Amino acid sequence: MLDIKFIRENPELIKEGCRKKQIKIDIDQLLEIDKKRKELMLALEDARAQKNKANEEINKFVSGEIKQLHEKGKKEVIILKMRELDKNNDRIEAEFKELDGEFQGLMGLIPNPPAPDVEEGKDDTENKVIKKWGKLPEFDFEPKSHFELGESLDIIDTKRAGKVSGSRFGYLKNGMAKLELAMINFAVDFLSEQGFIPVIPPVMISLDSMKGMGYLEHGGEENMYILDKDNLVLVGTSEQSIGPMHKDETFEEKDLPKRYIGISTCFRREAGSYGKDTKGILRVHQFNKVEMFSFTKPEDSDKEHEYLLSLEEKLMQALELPYQVVKMCSGDLGMPAARKYDIEVWLPSENRYRETHSTSTCTDFQARRLNIRFKRKDGKSEFVHMLNGTAFSERPILAILENYQQKDGSVLIPKVLQKYTGFEKIEK
RNA sequence: GGAGGAGUACUCAAGCGGUUUACGAGGACGGUUUCGAAAACCGUUGUCGCCUUAGGCGACUCGUGAGUUCGAAUCUCACCUCCUCCGCCA
């Protein structure tokens with residue numbers, strides 16, 4: 001949700017933001033509705049004020065004295081007047097509610113405009129690589145893909161998962177299961193040291209919460225598992241569960257930035273990705289992820305975004321995996337994001353980089369919807385800024401398998417993870 | 001699943017149809033005082049809007065939403081959340 005005051009004052013900027021994100025919304029129509037809505041609101045307030053005033057008249061003649069009024073026939077006159085006021089009130093209120101519904105509906109569809117430094121582009125083909133790190137591995141043998149390794153080492157089982165659950169699921173077994181736990185523990189330890197608060201959040205959240213995070217509009221619900229009977233949604237990332245934690249709350253200025261690490265399973269329907277990445281577990285309906293989430297003051301959010309990116313890089317560097325950083329163009333940003341960076345890891349089997357991390361700043365967009373504020377020293381309250389970023393998911397493990405594979409078919413474990421796994425190698 | 005009880009501002013907490021402008025206490029912030037601090041005292045401490053120079057004024061706000069009434073924190077209904085007891089349970 002954007003600030004209507006800001007839209008009134010900067011309509012061109014908002015129009016440009018919508019265009020850059022390739023979302024069609026008639027801002028002029030919105031402003032027209034806003035104007036009428038405001039007039040109606042004033043009329044409604046005035047009508048209510050009249051009613052309240054008339055009521056005060058009656059209040060002057062409480063209990064016993066009201067009988068006196070009655071005798072004089074004055075009560076009937078006042079009450080008749082009240083009925084008139086009531087009618088007027090109801091009429092304006094009904095009119096206002098209708099217009100307000102229209103207004104809120106339109107407001108809910110306007111995306112957060114891209115940050116000024118984000119380049120315009122239509123889709124992911126126009127994203128820019130801004131950094132490369134690490135040396136690509138060289139093999140003196142034909143490297144296997146993660147799913148070939150998974151099968152030969154008996155650590156990933158998609159066949160049986162197909163039998164039990166369907167496509168895009170997998171069993172992680174043996175060394176793979178331990179490696180995943182090791183990576184989660186490593187990330188949690190690393191980020192705890194940075195002051196992040198570890199959280200295992202609910203993975204089912206209310207539709208309201210999901211709406212507050214801005215992921216239900218513009219077809220977003222297509223990618224979610226919605227539990228109709230219970231009005232719940234399975235989260236696609238723990239961000240969706242952590243953001244609404246502080247709904248309707250006001251932080252003290254000294255408590256910001258507030259940083260969390262969410263550890264959760266994530267669920268995605270992957271609608272519209274038929275035929276893509278069908279082998280192995282690169283793209284699955286269910287995976288575990290460690291996620292960073294920050295609440296900051298507005299003036300700190302850009303700095304925080306760079307900080308989250310730097311932490312993601314440090315994590316990848318600790319695993320010694322070659323990666324590149326990609327800055328997303330405007331057309332590839334979601335509804336709430338103002339700026340987004342991806343980290344893509346090198347996958348030898350595909351001979352290209354694939355996304356493992358993503359960090360976004362949503363500025364005050366989500367905070368406005370969820371009503372999350374903070375109080376400045378002078379007592380004024382403002383909306384916080386909210387940011388998120390991946391620490392680790394299952395994809396980096398696949399990258400470990402492929403980048404650390406040996407000629408004999410075994411896989412070495414990155415040094416930093418060895419104390420967590422308790423072994424240095426996965427072998428048959 | 002059954003039976004009860006409760007949700008009031010940042011926190012605790014009174015009020016249970018009309019002198020409520022939501023009592024009171026604590027916390028936080030600002031001020032007076034002080035060499036400085038404590039204490040004391042005086043303010044401020046929800047959201048939206050209108051007119052403005054200071055500063056006024058209005059609407060909304062007692063879990064949420066409807067309803068009864070001239071008038072609702074207070075009465076009625078529905079829903080949400082929490083607590084206690086019973087049952088079931090990792």
# chains A, B, ... in the order shown; residues from 1 in each chain; ligands from 1

$ residues_around --residues "C60 in chain B" --least-positions-apart "4" --cutoff "10 Å" --atoms "only C-alpha atoms (C1' of nucleotides)" --output "number ranges by chain"
A: 45; B: 47-48

$ residues_around --residues "Glu291 in chain A" --least-positions-apart "5" --cutoff "9 Å" --atoms "only C-alpha atoms (C1' of nucleotides)" --output "list of chain:residue names"
A:Thr237, A:Ser238, A:Glu239, A:Tyr260, A:Ile261, A:Gly262, A:Ile263, A:Ser264, A:Asn388, A:Gly389, A:Thr390, A:Ala391, A:Phe392, A:Ser393

$ write_last_selection --atoms "N, CA, C and O atoms" --output "PDB file, in the first residue's frame"
ATOM      1  N   THR A 237       7.761 -18.635   1.742  1.00  0.00           N
ATOM      2  CA  THR A 237       9.013 -18.264   2.377  1.00  0.00           C
ATOM      3  C   THR A 237       8.661 -17.770   3.780  1.00  0.00           C
ATOM      4  O   THR A 237       7.571 -17.250   3.983  1.00  0.00           O
ATOM      5  N   SER A 238       9.596 -17.928   4.728  1.00  0.00           N
ATOM      6  CA  SER A 238       9.238 -17.548   6.101  1.00  0.00           C
ATOM      7  C   SER A 238       9.079 -16.029   6.233  1.00  0.00           C
ATOM      8  O   SER A 238       8.505 -15.543   7.197  1.00  0.00           O
ATOM      9  N   GLU A 239       9.571 -15.306   5.247  1.00  0.00           N
ATOM     10  CA  GLU A 239       9.342 -13.859   5.211  1.00  0.00           C
ATOM     11  C   GLU A 239       7.863 -13.542   5.417  1.00  0.00           C
ATOM     12  O   GLU A 239       7.495 -12.615   6.135  1.00  0.00           O
ATOM     13  N   TYR A 260      15.633 -10.675  12.195  1.00  0.00           N
ATOM     14  CA  TYR A 260      15.267 -12.060  12.479  1.00  0.00           C
ATOM     15  C   TYR A 260      15.905 -13.011  11.461  1.00  0.00           C
ATOM     16  O   TYR A 260      16.151 -12.622  10.318  1.00  0.00           O
ATOM     17  N   ILE A 261      16.152 -14.254  11.899  1.00  0.00           N
ATOM     18  CA  ILE A 261      16.417 -15.324  10.943  1.00  0.00           C
ATOM     19  C   ILE A 261      15.265 -16.292  11.070  1.00  0.00           C
ATOM     20  O   ILE A 261      15.048 -16.862  12.142  1.00  0.00           O
ATOM     21  N   GLY A 262      14.550 -16.499  10.009  1.00  0.00           N
ATOM     22  CA  GLY A 262      13.463 -17.476   9.992  1.00  0.00           C
ATOM     23  C   GLY A 262      13.968 -18.794   9.443  1.00  0.00           C
ATOM     24  O   GLY A 262      14.681 -18.828   8.448  1.00  0.00           O
ATOM     25  N   ILE A 263      13.623 -19.875  10.122  1.00  0.00           N
ATOM     26  CA  ILE A 263      14.006 -21.204   9.640  1.00  0.00           C
ATOM     27  C   ILE A 263      12.710 -21.952   9.383  1.00  0.00           C
ATOM     28  O   ILE A 263      11.954 -22.205  10.318  1.00  0.00           O
ATOM     29  N   SER A 264      12.445 -22.241   8.122  1.00  0.00           N
ATOM     30  CA  SER A 264      11.160 -22.890   7.862  1.00  0.00           C
ATOM     31  C   SER A 264      11.175 -23.686   6.566  1.00  0.00           C
ATOM     32  O   SER A 264      12.032 -23.522   5.708  1.00  0.00           O
ATOM     33  N   ASN A 388      14.029  -8.302   3.244  1.00  0.00           N
ATOM     34  CA  ASN A 388      14.237  -9.726   3.420  1.00  0.00           C
ATOM     35  C   ASN A 388      15.362 -10.210   2.533  1.00  0.00           C
ATOM     36  O   ASN A 388      15.704  -9.569   1.536  1.00  0.00           O
ATOM     37  N   GLY A 389      15.934 -11.352   2.901  1.00  0.00           N
ATOM     38  CA  GLY A 389      16.999 -11.919   2.079  1.00  0.00           C
ATOM     39  C   GLY A 389      17.248 -13.365   2.456  1.00  0.00           C
ATOM     40  O   GLY A 389      17.153 -13.739   3.623  1.00  0.00           O
ATOM     41  N   THR A 390      17.560 -14.179   1.458  1.00  0.00           N
ATOM     42  CA  THR A 390      17.844 -15.582   1.713  1.00  0.00           C
ATOM     43  C   THR A 390      19.178 -15.729   2.413  1.00  0.00           C
ATOM     44  O   THR A 390      20.138 -15.058   2.056  1.00  0.00           O
ATOM     45  N   ALA A 391      19.246 -16.623   3.408  1.00  0.00           N
ATOM     46  CA  ALA A 391      20.552 -16.996   3.950  1.00  0.00           C
ATOM     47  C   ALA A 391      20.993 -18.278   3.249  1.00  0.00           C
ATOM     48  O   ALA A 391      22.021 -18.302   2.584  1.00  0.00           O
ATOM     49  N   PHE A 392      20.171 -19.320   3.383  1.00  0.00           N
ATOM     50  CA  PHE A 392      20.426 -20.557   2.648  1.00  0.00           C
ATOM     51  C   PHE A 392      19.126 -21.261   2.336  1.00  0.00           C
ATOM     52  O   PHE A 392      18.185 -21.204   3.122  1.00  0.00           O
ATOM     53  N   SER A 393      19.102 -21.929   1.210  1.00  0.00           N
ATOM     54  CA  SER A 393      17.988 -22.832   0.924  1.00  0.00           C
ATOM     55  C   SER A 393      18.610 -24.154   0.522  1.00  0.00           C
ATOM     56  O   SER A 393      19.800 -24.377   0.740  1.00  0.00           O
TER      57      SER A 393
END

$ interface_residues --of "chain B" --to "chain A" --cutoff "8 Å" --atoms "only C-alpha atoms (C1' of nucleotides)" --output "list in words"
G18, C29, U45, G49, G58, A59, C70 and G71 of chain B

$ residues_around --residues "U69 in chain B" --least-positions-apart "3" --cutoff "10 Å" --atoms "only C-alpha atoms (C1' of nucleotides)" --output "VMD selection string"
chain B and resid 17 72 75

$ write_last_selection --atoms "N, CA and C atoms (P, O5', C5', C4', C3', O3' and C1' of nucleotides)" --output "PDB file, in the first residue's frame"
ATOM      1  P     G B  17     -25.308  -0.584  33.937  1.00  0.00           P
ATOM      2  O5'   G B  17     -25.149   0.126  32.521  1.00  0.00           O
ATOM      3  C5'   G B  17     -26.220   0.804  32.063  1.00  0.00           C
ATOM      4  C4'   G B  17     -25.781   1.886  31.130  1.00  0.00           C
ATOM      5  C3'   G B  17     -26.370   3.239  31.484  1.00  0.00           C
ATOM      6  O3'   G B  17     -25.504   4.266  31.045  1.00  0.00           O
ATOM      7  C1'   G B  17     -27.049   2.610  29.340  1.00  0.00           C
ATOM      8  P     A B  72     -24.693   4.980  20.873  1.00  0.00           P
ATOM      9  O5'   A B  72     -23.468   4.916  21.875  1.00  0.00           O
ATOM     10  C5'   A B  72     -23.561   5.015  23.255  1.00  0.00           C
ATOM     11  C4'   A B  72     -22.687   3.944  23.882  1.00  0.00           C
ATOM     12  C3'   A B  72     -21.824   3.147  22.920  1.00  0.00           C
ATOM     13  O3'   A B  72     -20.670   2.687  23.605  1.00  0.00           O
ATOM     14  C1'   A B  72     -23.386   1.708  23.913  1.00  0.00           C
ATOM     15  P     C B  75     -22.966  -5.503  29.323  1.00  0.00           P
ATOM     16  O5'   C B  75     -24.378  -5.494  28.573  1.00  0.00           O
ATOM     17  C5'   C B  75     -25.601  -5.535  29.305  1.00  0.00           C
ATOM     18  C4'   C B  75     -26.764  -5.643  28.358  1.00  0.00           C
ATOM     19  C3'   C B  75     -26.582  -6.638  27.210  1.00  0.00           C
ATOM     20  O3'   C B  75     -26.887  -7.952  27.617  1.00  0.00           O
ATOM     21  C1'   C B  75     -27.409  -4.600  26.352  1.00  0.00           C
TER      22        C B  75
END

$ closest_residue --among "A:Ile14, A:Leu256, A:Met213, A:Ala115" --to "Lys375 in chain A" --atoms "only C-alpha atoms"
A:Leu256

$ atom_distance --atom1 "CA of Arg269 in chain A" --atom2 "CA of His285 in chain A"
5.7 Å

$ residues_around --residues "G65 in chain B" --least-positions-apart "2" --cutoff "12 Å" --atoms "only C-alpha atoms (C1' of nucleotides)" --output "compact mmCIF listing (two decimals) with C-alpha atoms (C1' of nucleotides), in the first residue's frame"
# COMPACT_ATOMS: atom_id res chain seq x y z
C1' G B 63 -10.72 -7.81 20.47
C1' G B 67 -27.77 -4.95 15.79
C1' C B 77 -26.09 -11.70 18.06
C1' A B 78 -22.01 -13.63 15.13
C1' C B 79 -16.87 -14.19 14.63
C1' C B 80 -11.59 -13.98 16.38

$ residues_around --residues "range 271-278 of chain A" --least-positions-apart "3" --cutoff "9 Å" --atoms "only C-alpha atoms (C1' of nucleotides)" --output "PyMOL selection string"
chain A and resi 167-168+222-224+268+281-284

$ write_last_selection --atoms "C-alpha atoms" --output "mmCIF file, in the first residue's frame"
data_model
loop_
_atom_site.group_PDB
_atom_site.id
_atom_site.type_symbol
_atom_site.label_atom_id
_atom_site.label_comp_id
_atom_site.auth_asym_id
_atom_site.auth_seq_id
_atom_site.Cartn_x
_atom_site.Cartn_y
_atom_site.Cartn_z
ATOM 1 C CA SER A 167 6.292 -34.686 -9.164
ATOM 2 C CA ARG A 168 8.578 -31.997 -7.792
ATOM 3 C CA GLU A 222 -1.545 -18.863 -8.206
ATOM 4 C CA ASN A 223 1.722 -19.875 -6.621
ATOM 5 C CA MET A 224 0.348 -20.617 -3.184
ATOM 6 C CA ARG A 268 5.344 -23.343 -3.761
ATOM 7 C CA ILE A 281 15.196 -31.129 -6.908
ATOM 8 C CA LEU A 282 16.245 -27.737 -8.208
ATOM 9 C CA ARG A 283 12.608 -26.712 -8.415
ATOM 10 C CA VAL A 284 10.348 -28.435 -5.912
#

$ residues_around --residues "range 407-421 of chain A" --least-positions-apart "3" --cutoff "7 Å" --atoms "only C-alpha atoms (C1' of nucleotides)" --output "list in words"
Phe141, Lys178, Leu179, Ala182, Met183, Phe186, Ala318, Leu319, Leu401, Tyr404, Glu424, Lys425, Ile426 and Glu427 of chain A

$ atom_distance --atom1 "CA of Ile23 in chain A" --atom2 "CA of Val235 in chain A"
24.4 Å

$ residues_around --residues "Tyr323 in chain A" --least-positions-apart "4" --cutoff "9 Å" --atoms "only C-alpha atoms (C1' of nucleotides)" --output "list of chain:residue names"
A:Lys131, A:Lys132, A:Trp133, A:Gly134, A:Lys135, A:Leu136, A:Glu313, A:Met316, A:Gln317, A:Ile343, A:Glu344, A:Val345, A:Trp346, A:Tyr353, A:Arg354

$ atom_distance --atom1 "CA of Val199 in chain A" --atom2 "CA of Gly236 in chain A"
16.1 Å

$ closest_atom_pairs --of "range 233-342 of chain A" --to "range 105-114 of chain A" --cutoff "7 Å" --atoms "only C-alpha atoms" --output "tab-separated table"
residue	atom	partner	partner_atom	distance
A:Ser330	CA	A:Pro114	CA	6.1
A:Met335	CA	A:Pro111	CA	4.8
A:Pro336	CA	A:Asn112	CA	5.2
A:Ala337	CA	A:Asn112	CA	6.3
A:Ala338	CA	A:Pro114	CA	4.2
A:Arg339	CA	A:Pro114	CA	6.1

$ select_by_dssp --residues "range 28-135 of chain A" --states "strand (DSSP E or B)" --output "list in words"
Lys128, Val129, Ile130, Lys131, Lys132 and Trp133 of chain A

$ write_last_selection --atoms "C-alpha atoms" --output "PDB file, in the first residue's frame"
ATOM      1  CA  LYS A 128      22.393  -6.882 -14.924  1.00  0.00           C
ATOM      2  CA  VAL A 129      25.256  -8.933 -13.521  1.00  0.00           C
ATOM      3  CA  ILE A 130      27.078  -6.548 -11.188  1.00  0.00           C
ATOM      4  CA  LYS A 131      29.677  -8.841  -9.669  1.00  0.00           C
ATOM      5  CA  LYS A 132      31.321 -12.215 -10.099  1.00  0.00           C
ATOM      6  CA  TRP A 133      33.171 -14.090  -7.351  1.00  0.00           C
TER       7      TRP A 133
END
